[in-house]
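These notes concern the structure reproduced below.
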Amino acid sequence: MDQLIQHLVNTLVLGGTYALLGIGLTLIFGIMNVVNFTHGALYTVGAYLMYLAVAALGLNFFLALPVAILGGLLFGAAIELLLLRPFRGSDIDTTMLVMIGAGIALQSGTLWVFGGVAKAIPSPFPEAPLQLGPVSVSWLRLFVLGAALGLIAVTYVMINRTRLGLAMRAAFQDADTAALMGVNVRLIDTATFALGSSLAAAAGALLGPVYVVFPQMGGLAEVKAFAIVILGGLGNITGAAIGGFILALAEELGAGYVSSGYRDAMGFLIIIAVLLYRPTGLFAKAERVG
Amino acid sequence: MSAILSVDHVGVRFGGLVAIADLHLDVAQGEILSLIGPNGAGKTTAFNVMTGFLKPSQGDVRFRGTSLTGLSPHAIARLGLARTFQRTSVFPDDTVFDNVMIGLHGQGAQMARAPLLAALIGRAGAGERQLRARAEALLDWVGLGARAQEKAGALAYGEQRLVGVALALATEPAMLLLDEPVSGMNASETRVFVRLIRQIRERGITILLVEHDMPMVMEVSDRIVVLNYGRLIAEGPPEAIRSDPAVIEAYLGQGSAARRAAAEAQATREAAHA
Amino acid sequence: MRRLLPLALLASLLVLPLLLQANPYLLNALIITGILTIGAMSLNLLLGFTGQLSLGHIAFFGIGAYVSALTSLGFDVEIGFGHRIVHEPWPPAAGFLLAILAAGACGYLIGRLSFRVRGAYFVIVTISFAEVVRLVALNWVELTQGPLALTGIPAMSVGVPGLGNWTLRTKLQNYYLVLAVGTLCYLLVARLVGSRFGRAMRGLKENESLALSVGINATRTLTIAAVISAAMAGAAGSLYAHYLRIIDPDVFAFSTTVSMVIMVVAGGKGTLMGPVIGGLIFGLLPVALRPVMAPEAQWIVYGIVLIVILFVMPRGIVPGLSALLARRRPAPAPLLKPSPAVQR
């Protein structure tokens, strides 16, 4: 029982960052119809920016986080402007290939710059974990959960309460009509990609101090993000948020009670189950087309 | 009258939107039946239900005694119910000849019992030759023989519609559904097409036509069924439909701008047909 | 011309080792290139002719490699509840056939699963499948030795009943083996694409609704294409295992799939010669770049090259050059278009 509670606590911590990853990916897919294969690389970039800011520049941990997120935002905007905008009007397969090229270049770039040796990011939190009865959770992980939930809330407010969010939702419904109604669709695309990328970078910057930072860390994160997005339904933001927690739960329970070696296979099992029983995702609305 | 296709109280709803309320109609063997009605009346939806591209919310479609409920489009095509599409009627990157060869897909299956194996070990020779001869004959028959080696996507719009018809005919259908086949054709192309429809019927193929070109519909149809708001509002021979008050109301009740546009289009068409 | 270029290429590849005078470094690069090119050809069958991108293609390749290696090495594993499976070593040729079957079977399962829905699903399912297979190779240590690698894999041997048995130990022998398998795969793809089945694939890619309406079974056609493609990749994996004679979970590296994708896209997806030309260029490029660049820097270049090619020559090198040649010459023969149906 105690063990189960411990797993549930771990699920919350992991799920928050997974939700960030999933929301970023599904946002880009839903609004731009782009399968973003730079998502994992941007997760890595976020982690390395955190490492650079904290370990190399000696910046305060809490200041470094927004710097890393901002860095992801700028990276994302640059990718959209330099690589996706020239391919406007291309089909989804072409942009997917472009993103594959960009992803592999970015990943190799981090390997080239930082080398293959894993790096640790020092955190300002006390070593001793917070002990709540039988459950122990490190202060760092608690902070990660809080920050992730905060970022999810900010994203929700942005999408549902701001003019930019309104325009994004309009573009999500129908880009052509939105353009006719005076929405600057190009600006929306850049904003969407930048926002989605900053969420991936945030996830990397938050999980980087928990684990270690290495150039290939994004590959696995990307596969997980895809599982989350399929689980929630392609393009469904709430679905991705919940999907992040479900994947985290499956991983925690799978690693805890089955085999820790296959923790990362849970995403694939989820994809299979969804395709077999609910191909449009768990949270797809009935009238969603496409 | 023996019905080749029966639409039995079919309804289609998308969420709260009713596309077809309750459609009930029979198509007789060998007739040319037209389905008309204002935009949004549910004509293309009806086509999609009949050919398995849409699942009806209620009701059933039977073709030559077989219920089509739950069958996928390719299975329905193999039963002998073929269709054309309103917008994209060709495989754009292939030649017209290869388009028809793709259309002959189901025919090749009957010739070779293990077509994939035959293809791999290269025993498909005789069957292929036969298929190619049939493709040529079919193209000549619809009048596209001269275009055989051109990319289908590069053809003029009217000719692409013809390719679409050739593709549908390649499946050796017992019944053909034509979705607005002459939209975008000029008057002389339309005349040629009317002749083609008659020739298709002479080959024993039943035809169900959706079309906005009223003079053409009046000229070619044996019988007309009128839909409005997903309901059947009239049916009968062209003369009766022309003077049916419910039909006139359906077409004219759509506001003055639409009425004027319809009248103008009508006048142009009639001048062209004269 | 359409037949001449592949034949000319085959002839030059046949005599190439003589010119290289068995330079082992170059010969090795050519063998690896050849194996990856077979992978690219198999990927092209899906990506080029059905439009479905398999981004976990390396899974089928790696499964072929492991199945073939384990068949010829033998194994003894516990499968739970006290049961053991003991397998005595079989000849490598049997491993080759089993590799093809096993990879094809995986292709079938993945195809059946993901072609229920259209869109990005196939890509995502294949990429996660590759990740899972890598995890299995890494974690099922009793079977695969995990990160310690399977070593001592026997070299491929070919036997003709009544004539004898040859073991292909030298690089030169392996070169010709890869060339032979590659040529067979090329002919297989050419045959398929020009057949009724190939027309069904093209129809689905160009206009799926229309293809359905003429009686083409989409799920079945796509699944068969996935099976054949996966089986070919499995064959390539088997060649790889018996040539290197050591494999570890790194054979499942995502970057190898990306290599194949670049080969296909750069060469020209949906053409017969595209993956061959793309395979030769991008398989041998590391040899040319090695003196000037670190491997990770090469990958940056590859990623950029992929994007640039998509921008300047979206259809790839082979169709691009064909179009250029056709413009210059009066008779516009569609060079290398994979449709024997048009030849009359």
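Residue numbers start at 1 in each chain; chains themselves are named A, B, ... in the order of the structure tokens; ligands are numbered from 1 in the order shown.
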Open item on the list: List the spatial neighbours of C:Ile63 as number ranges by chain - criterion: any atom at most 8 Å away, only C-alpha atoms, same-chain residues fewer than 5 positions off excluded.
Closed with: C: 99, 102-103, 133, 234, 237
TODO: Quick one: pick out all alpha helix (DSSP H) residues within stretch 66-217 of chain B from a backbone DSSP run and write them as an MDAnalysis selection string.
DONE: chainID B and resid 73:78 96:103 105:111 115:121 125:142 157:170 187:202 214:217
Would you mind exporting the chosen residues as a compact mmCIF listing (two decimals), in the first residue's frame, restricted to C-alpha atoms?
```txt
# COMPACT_ATOMS: atom_id res chain seq x y z
CA PRO B 73 -16.54 0.96 -50.23
CA HIS B 74 -14.28 -1.48 -52.04
CA ALA B 75 -16.56 -4.41 -51.25
CA ILE B 76 -19.58 -2.49 -52.55
CA ALA B 77 -17.68 -1.64 -55.72
CA ARG B 78 -17.00 -5.32 -56.26
CA VAL B 96 -5.17 8.14 -68.68
CA PHE B 97 -4.39 4.59 -69.78
CA ASP B 98 -2.91 3.68 -66.39
CA ASN B 99 -5.92 5.28 -64.70
CA VAL B 100 -8.16 2.78 -66.43
CA MET B 101 -5.70 -0.02 -65.63
CA ILE B 102 -6.03 0.90 -61.95
CA GLY B 103 -9.79 0.90 -62.43
CA HIS B 105 -8.16 -3.75 -60.43
CA GLY B 106 -11.09 -5.98 -59.49
CA GLN B 107 -11.11 -7.58 -62.94
CA GLY B 108 -7.53 -8.78 -62.67
CA ALA B 109 -8.40 -10.68 -59.52
CA GLN B 110 -10.71 -12.98 -61.41
CA MET B 111 -8.05 -13.89 -63.92
CA PRO B 115 -2.36 -12.27 -58.25
CA LEU B 116 0.42 -11.24 -55.91
CA LEU B 117 2.31 -14.47 -56.42
CA ALA B 118 1.67 -14.25 -60.15
CA ALA B 119 3.15 -10.76 -60.17
CA LEU B 120 6.22 -11.89 -58.27
CA ILE B 121 7.06 -14.87 -60.41
CA GLY B 125 1.55 -12.01 -68.76
CA ALA B 126 -1.64 -13.27 -70.39
CA GLY B 127 -3.95 -11.64 -67.87
CA GLU B 128 -2.10 -8.34 -68.22
CA ARG B 129 -2.42 -8.40 -72.01
CA GLN B 130 -6.15 -8.97 -71.72
CA LEU B 131 -6.51 -6.14 -69.22
CA ARG B 132 -4.58 -3.77 -71.46
CA ALA B 133 -6.77 -4.64 -74.42
CA ARG B 134 -9.84 -3.95 -72.31
CA ALA B 135 -8.44 -0.64 -71.10
CA GLU B 136 -7.82 0.44 -74.69
CA ALA B 137 -11.28 -0.59 -75.79
CA LEU B 138 -12.88 1.22 -72.88
CA LEU B 139 -10.95 4.43 -73.57
CA ASP B 140 -11.95 4.34 -77.22
CA TRP B 141 -15.53 3.75 -76.19
CA VAL B 142 -15.75 6.85 -73.98
CA TYR B 157 -11.83 19.46 -66.56
CA GLY B 158 -14.46 17.93 -68.83
CA GLU B 159 -12.08 15.23 -69.98
CA GLN B 160 -11.20 14.40 -66.38
CA ARG B 161 -14.88 13.74 -65.75
CA LEU B 162 -14.82 11.32 -68.68
CA VAL B 163 -11.80 9.55 -67.18
CA GLY B 164 -13.80 9.24 -63.98
CA VAL B 165 -16.65 7.59 -65.88
CA ALA B 166 -14.21 5.26 -67.66
CA LEU B 167 -12.75 4.28 -64.27
CA ALA B 168 -16.19 3.51 -62.89
CA LEU B 169 -17.10 1.50 -66.00
CA ALA B 170 -13.85 -0.45 -65.71
CA ALA B 187 -22.64 23.00 -73.71
CA SER B 188 -21.18 20.83 -76.43
CA GLU B 189 -19.34 18.63 -73.94
CA THR B 190 -22.59 18.24 -72.03
CA ARG B 191 -24.38 17.13 -75.21
CA VAL B 192 -21.71 14.52 -75.86
CA PHE B 193 -21.98 13.38 -72.26
CA VAL B 194 -25.76 12.95 -72.49
CA ARG B 195 -25.20 10.66 -75.45
CA LEU B 196 -22.62 8.72 -73.43
CA ILE B 197 -25.06 8.25 -70.54
CA ARG B 198 -27.61 6.81 -72.95
CA GLN B 199 -25.01 4.46 -74.40
CA ILE B 200 -24.06 3.30 -70.92
CA ARG B 201 -27.70 2.51 -70.21
CA GLU B 202 -27.91 0.62 -73.50
CA MET B 214 -31.78 21.11 -65.12
CA PRO B 215 -32.15 21.03 -68.90
CA MET B 216 -29.70 18.12 -68.99
CA VAL B 217 -31.57 16.29 -66.20
```
- [ ] as a PyMOL selection string, list the residues of stretch 55-256 of chain A assigned to strand (DSSP E or B) by DSSP on the backbone atoms of this structure.
- [x] chain A and resi 119+130-132+135-137+213
TODO: Quote the spacing between atom CA of C:Leu27 and atom CA of C:Lys171 in Å to one decimal place.
DONE: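 Straight-line distance from atom CA of C:Leu27 to atom CA of C:Lys171 works out to 6.7 Å.
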Distance-based interface of chain A with chain C, 9 Å, counting only C-alpha atoms, as a PDB file with C-alpha atoms, in the first residue's frame:
```pdb
ATOM      1  CA  VAL A  35       4.128  16.226 -37.008  1.00  0.00           C
ATOM      2  CA  LEU A  83      12.261  25.931 -41.942  1.00  0.00           C
ATOM      3  CA  PRO A  86       9.334  28.216 -46.753  1.00  0.00           C
ATOM      4  CA  PHE A  87       7.296  25.002 -46.918  1.00  0.00           C
ATOM      5  CA  ILE A  92       2.002  16.971 -44.056  1.00  0.00           C
ATOM      6  CA  ASP A  93       4.489  14.374 -45.339  1.00  0.00           C
ATOM      7  CA  THR A  94       6.901  16.998 -46.628  1.00  0.00           C
ATOM      8  CA  LEU A  97      10.472  15.077 -43.434  1.00  0.00           C
ATOM      9  CA  VAL A  98      11.685  18.652 -42.925  1.00  0.00           C
ATOM     10  CA  MET A  99      11.155  18.259 -39.195  1.00  0.00           C
ATOM     11  CA  ILE A 100      13.035  14.931 -39.229  1.00  0.00           C
ATOM     12  CA  GLY A 101      15.995  16.664 -40.871  1.00  0.00           C
ATOM     13  CA  ALA A 102      15.844  19.522 -38.394  1.00  0.00           C
ATOM     14  CA  GLY A 103      15.489  17.155 -35.451  1.00  0.00           C
ATOM     15  CA  ILE A 104      18.505  15.046 -36.354  1.00  0.00           C
ATOM     16  CA  ALA A 105      20.587  18.166 -37.051  1.00  0.00           C
ATOM     17  CA  LEU A 106      19.618  19.694 -33.701  1.00  0.00           C
ATOM     18  CA  GLN A 107      20.302  16.504 -31.783  1.00  0.00           C
ATOM     19  CA  SER A 108      23.676  16.039 -33.457  1.00  0.00           C
ATOM     20  CA  GLY A 109      24.349  19.712 -32.818  1.00  0.00           C
ATOM     21  CA  LEU A 111      26.157  16.167 -29.227  1.00  0.00           C
ATOM     22  CA  TRP A 112      28.777  18.125 -31.140  1.00  0.00           C
ATOM     23  CA  GLY A 219      14.595  10.676 -28.541  1.00  0.00           C
ATOM     24  CA  LEU A 220      12.803   8.782 -25.822  1.00  0.00           C
ATOM     25  CA  VAL A 223       8.330   8.798 -28.503  1.00  0.00           C
ATOM     26  CA  LYS A 224       6.569   9.304 -25.188  1.00  0.00           C
ATOM     27  CA  PHE A 226       3.677  10.812 -29.400  1.00  0.00           C
ATOM     28  CA  ALA A 227       2.084   8.172 -27.191  1.00  0.00           C
ATOM     29  CA  ILE A 230      -2.348   9.562 -29.579  1.00  0.00           C
ATOM     30  CA  LEU A 234      -4.397  14.115 -32.147  1.00  0.00           C
ATOM     31  CA  GLY A 261      13.704  -2.394 -17.867  1.00  0.00           C
ATOM     32  CA  TYR A 262      10.473  -2.055 -19.796  1.00  0.00           C
ATOM     33  CA  ASP A 264       9.776   3.002 -21.505  1.00  0.00           C
ATOM     34  CA  ALA A 265       7.787   0.381 -23.424  1.00  0.00           C
ATOM     35  CA  MET A 266       4.541   1.425 -21.703  1.00  0.00           C
ATOM     36  CA  GLY A 267       3.960   4.206 -24.215  1.00  0.00           C
ATOM     37  CA  PHE A 268       3.938   1.694 -27.039  1.00  0.00           C
ATOM     38  CA  ILE A 271      -0.600   3.285 -28.407  1.00  0.00           C
ATOM     39  CA  ILE A 272      -1.553  -0.283 -29.304  1.00  0.00           C
ATOM     40  CA  LEU A 275      -5.511   1.938 -31.779  1.00  0.00           C
ATOM     41  CA  LEU A 276      -7.341  -1.280 -31.032  1.00  0.00           C
ATOM     42  CA  PRO A 279      -8.490   4.974 -32.576  1.00  0.00           C
ATOM     43  CA  THR A 280      -9.496   8.625 -32.235  1.00  0.00           C
ATOM     44  CA  GLY A 290      -9.752  14.279 -39.408  1.00  0.00           C
TER      45      GLY A 290
END
```
- [ ] Tell me, as an NGL selection string, which residues lie within 9 Å of C:Gly111, counting only C-alpha atoms; anything in the same chain fewer than 6 positions away does not count.
- [x] :C and (122 or 219-220 or 222-227)
Which residues are near A:Ile28? Cut-off 9 Å, only C-alpha atoms, ignore same chain within fewer than 4 positions. Put them as an mmCIF file with C-alpha atoms, in the first residue's frame.
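Output (out_25.cif):
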```cif
data_model
loop_
_atom_site.group_PDB
_atom_site.id
_atom_site.type_symbol
_atom_site.label_atom_id
_atom_site.label_comp_id
_atom_site.auth_asym_id
_atom_site.auth_seq_id
_atom_site.Cartn_x
_atom_site.Cartn_y
_atom_site.Cartn_z
ATOM 1 C CA ILE A 23 0.415 19.660 -24.895
ATOM 2 C CA GLY A 24 3.259 21.237 -26.863
ATOM 3 C CA MET A 32 -0.420 23.616 -37.963
ATOM 4 C CA ASN A 33 -0.976 20.009 -39.050
ATOM 5 C CA VAL A 34 2.751 19.411 -38.578
ATOM 6 C CA VAL A 35 4.128 16.226 -37.008
ATOM 7 C CA ASN A 36 6.927 17.855 -35.064
ATOM 8 C CA ASP A 189 1.801 29.499 -36.826
ATOM 9 C CA THR A 192 2.046 28.162 -31.960
ATOM 10 C CA PHE A 193 5.331 26.535 -32.840
ATOM 11 C CA LEU A 195 4.752 28.061 -27.648
ATOM 12 C CA GLY A 196 4.806 24.316 -28.283
ATOM 13 C CA SER A 197 8.614 24.334 -28.374
ATOM 14 C CA GLY A 235 -4.844 17.845 -31.601
#
```
So that each row is one residue of chain B with an atom at most 10 Å from chain A, can you give its shortest atom pair and the distance in Å to one decimal, using only C-alpha atoms, rows by chain and rising number, as a tab-separated table?
```
residue	atom	partner	partner_atom	distance
B:Phe14	CA	A:Glu287	CA	7.0
B:Gly15	CA	A:Glu287	CA	6.0
B:Gly16	CA	A:Glu287	CA	9.5
```
Put those residues in a file: C-alpha atoms, as an mmCIF file, in the first residue's frame.
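Once written, selection18.cif looks like this:
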```cif
data_model
loop_
_atom_site.group_PDB
_atom_site.id
_atom_site.type_symbol
_atom_site.label_atom_id
_atom_site.label_comp_id
_atom_site.auth_asym_id
_atom_site.auth_seq_id
_atom_site.Cartn_x
_atom_site.Cartn_y
_atom_site.Cartn_z
ATOM 1 C CA PHE B 14 -23.753 14.564 -38.098
ATOM 2 C CA GLY B 15 -23.920 15.457 -34.447
ATOM 3 C CA GLY B 16 -27.055 17.580 -34.270
#
```
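The nearest approach to chain C among the residues B:Leu71, B:Val61, B:Val7, B:Leu33, with only C-alpha atoms taken into account, belongs to B:Leu71.
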- [ ] Please determine the contact residues of chain C with respect to chain B at a cut-off of 6 Å, counting only C-alpha atoms, and supply them as a list in words.
- [x]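 Here is what falls inside 6 Å: Ser195, Arg199, Glu206, Asn207, Leu212, Ser213, Val214, Gly215, Ile216 and Asn217 of chain C.
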Open item on the list: Please report the interatomic distance between atom CA of A:Tyr48 and atom CA of A:Ala221 in Å with one decimal.
Closed with: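 According to the coordinates, atom CA of A:Tyr48 and atom CA of A:Ala221 are separated by 14.6 Å.
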Task: Selection: 9 Å around C:Ala230, only C-alpha atoms, excl. self and same-chain fewer than 4 positions, as a VMD selection string - done: chain C and resid 39 42 to 43 57 59 to 61 100 102 to 108 225 to 226 234 to 235
Store the residues of this selection in a file with C-alpha atoms, as a compact mmCIF listing (two decimals), in the first residue's frame.
```txt
# COMPACT_ATOMS: atom_id res chain seq x y z
CA GLY C 39 16.93 -1.08 -46.52
CA SER C 42 12.37 -1.56 -48.84
CA LEU C 43 11.51 1.78 -47.24
CA HIS C 57 12.17 0.76 -40.34
CA ALA C 59 13.16 -2.28 -36.22
CA PHE C 60 12.57 -4.71 -39.09
CA PHE C 61 16.23 -4.49 -40.02
CA ILE C 100 12.75 -12.54 -43.65
CA ALA C 102 10.04 -12.82 -38.73
CA ALA C 103 10.45 -9.27 -40.04
CA GLY C 104 7.57 -9.81 -42.46
CA ALA C 105 5.37 -11.05 -39.62
CA CYS C 106 6.17 -7.92 -37.60
CA GLY C 107 5.34 -5.83 -40.66
CA TYR C 108 1.99 -7.61 -40.81
CA ALA C 225 3.17 -3.57 -48.82
CA ALA C 226 4.26 -3.30 -45.18
CA GLY C 234 14.84 -8.14 -42.45
CA ALA C 235 16.91 -9.68 -45.23
```
- [ ] Name all residues at most 12 Å from stretch 7-13 of chain C (count only C-alpha atoms; drop same-chain ones fewer than 2 positions away) and give them as a PyMOL selection string.
- [x] chain C and resi 1-5+15-20+27+30-31+34+175-176+178-180+182-184+186-187+273+276-277+280
Open item on the list: Excluding A:Glu252 and its own-chain neighbours fewer than 6 positions away, which residues fall within 9 Å of it when counting only C-alpha atoms? Please give them as a count of residues only.
Closed with: 7
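You will find atom CA of B:His9 at 11.4 Å from atom CA of B:Gly230.
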